[in-house]
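What follows is a single structure, written as structure tokens, with notes after it.
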Amino acid sequence: MAKKTSIAILALLLVYALFFPLPSPELAIRRSLLTQAPLSAFAGEVIEGKIKNDPRYGDLYIVPEIELSFVFVKKNNLGWYVDSNGTAP
């Protein structure tokens, strides 16, 4: 019984981590990087940019190791999510 409960809890946490907004902008960026640059998702540097609370794009973060290095994240009631990324702000 305990094994089934722990598997169910682990599955719920995995679904939350993969599909719902995360508690920090850095974690949201790293999850987004898993599909673009898996090595940078674990070892890449995430630098906080100068743009904050932009009504259209959100907060700017820079990941110098990837091609689309400028990443904008937004926050909603559940947490942070990547809104867009590109080569320039």
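Simple scheme: letters A, B, ... for chains in structure tokens order, numbers from 1 for residues in each chain, numbers from 1 for ligands in the order shown.
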
For the strand (DSSP E) assignment from backbone DSSP, which residues of chain A qualify? Please present them as a PDB file with C-alpha atoms, in the first residue's frame.
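The file below, part-v1.pdb, is the result:
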```pdb
ATOM      1  CA  ILE A  47      21.428  35.629 -15.642  1.00  0.00           C
ATOM      2  CA  GLU A  48      18.743  38.048 -14.519  1.00  0.00           C
ATOM      3  CA  ASP A  59      10.876  39.639 -16.886  1.00  0.00           C
ATOM      4  CA  LEU A  60      14.043  39.199 -18.943  1.00  0.00           C
ATOM      5  CA  TYR A  61      16.612  36.476 -18.262  1.00  0.00           C
ATOM      6  CA  ILE A  62      19.704  35.679 -20.320  1.00  0.00           C
ATOM      7  CA  PHE A  70      17.022  36.038 -24.269  1.00  0.00           C
ATOM      8  CA  VAL A  71      14.166  34.453 -22.313  1.00  0.00           C
ATOM      9  CA  PHE A  72      11.100  36.251 -20.967  1.00  0.00           C
ATOM     10  CA  VAL A  73       9.177  34.751 -18.061  1.00  0.00           C
ATOM     11  CA  LYS A  74       5.850  35.739 -16.564  1.00  0.00           C
ATOM     12  CA  LYS A  75       4.177  34.908 -13.285  1.00  0.00           C
ATOM     13  CA  TRP A  80       6.426  31.183 -13.270  1.00  0.00           C
ATOM     14  CA  TYR A  81       6.363  30.124 -16.919  1.00  0.00           C
ATOM     15  CA  VAL A  82       8.414  30.963 -20.034  1.00  0.00           C
ATOM     16  CA  ASP A  83       6.445  33.325 -22.251  1.00  0.00           C
ATOM     17  CA  SER A  84       8.889  33.813 -25.126  1.00  0.00           C
ATOM     18  CA  ASN A  85      12.544  33.655 -26.101  1.00  0.00           C
ATOM     19  CA  GLY A  86      14.683  34.977 -28.912  1.00  0.00           C
TER      20      GLY A  86
END
```

- Shell around segment 10-22 of chain A at 8 Å using only C-alpha atoms, local window under 5 positions removed, as a list in words: Leu27, Ala28, Arg31, Asn76, Leu78, Gly79, Trp80 and Tyr81 of chain A

Hey, can you spit out that residue selection with C-alpha atoms as a PDB file, in the first residue's frame?
```pdb
ATOM      1  CA  LEU A  27      13.340  26.575 -12.785  1.00  0.00           C
ATOM      2  CA  ALA A  28      10.847  27.577 -15.482  1.00  0.00           C
ATOM      3  CA  ARG A  31      12.479  23.230 -17.845  1.00  0.00           C
ATOM      4  CA  ASN A  76       0.584  33.893 -12.704  1.00  0.00           C
ATOM      5  CA  LEU A  78       0.335  29.150  -9.915  1.00  0.00           C
ATOM      6  CA  GLY A  79       3.934  30.220 -10.545  1.00  0.00           C
ATOM      7  CA  TRP A  80       6.426  31.183 -13.270  1.00  0.00           C
ATOM      8  CA  TYR A  81       6.363  30.124 -16.919  1.00  0.00           C
TER       9      TYR A  81
END
```

- From a DSSP pass on the backbone, collect the residues of chain A flagged as alpha helix (DSSP H) and hand them back as number ranges by chain. A: 2-19, 25-36, 38-43

- Message: Using only C-alpha atoms, can you tell me which of A:Tyr57, A:Val63, A:Ala8, A:Ser32 comes closest to Glu45 of chain A?
- Response: A:Val63

- Note on the structure: Here atom CA of Thr87 of chain A and atom CA of Pro38 of chain A stand apart by 18.5 Å

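Straight-line separation from atom CA of Gln36 of chain A to atom CA of Ile7 of chain A: 28.8 Å.
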
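Straight-line separation from atom CA of Gly44 of chain A to atom CA of Glu65 of chain A: 6.4 Å.
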
- Find the residue from A:Met1, A:Ile51, A:Ile9, A:Ile66 that sits nearest to Arg30 of chain A; use only C-alpha atoms when measuring. A:Ile66

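If only C-alpha atoms are the atoms counted, then among A:Asp54, A:Pro64, A:Pro23, A:Ala41 the closest residue to Asn77 of chain A is A:Pro23.
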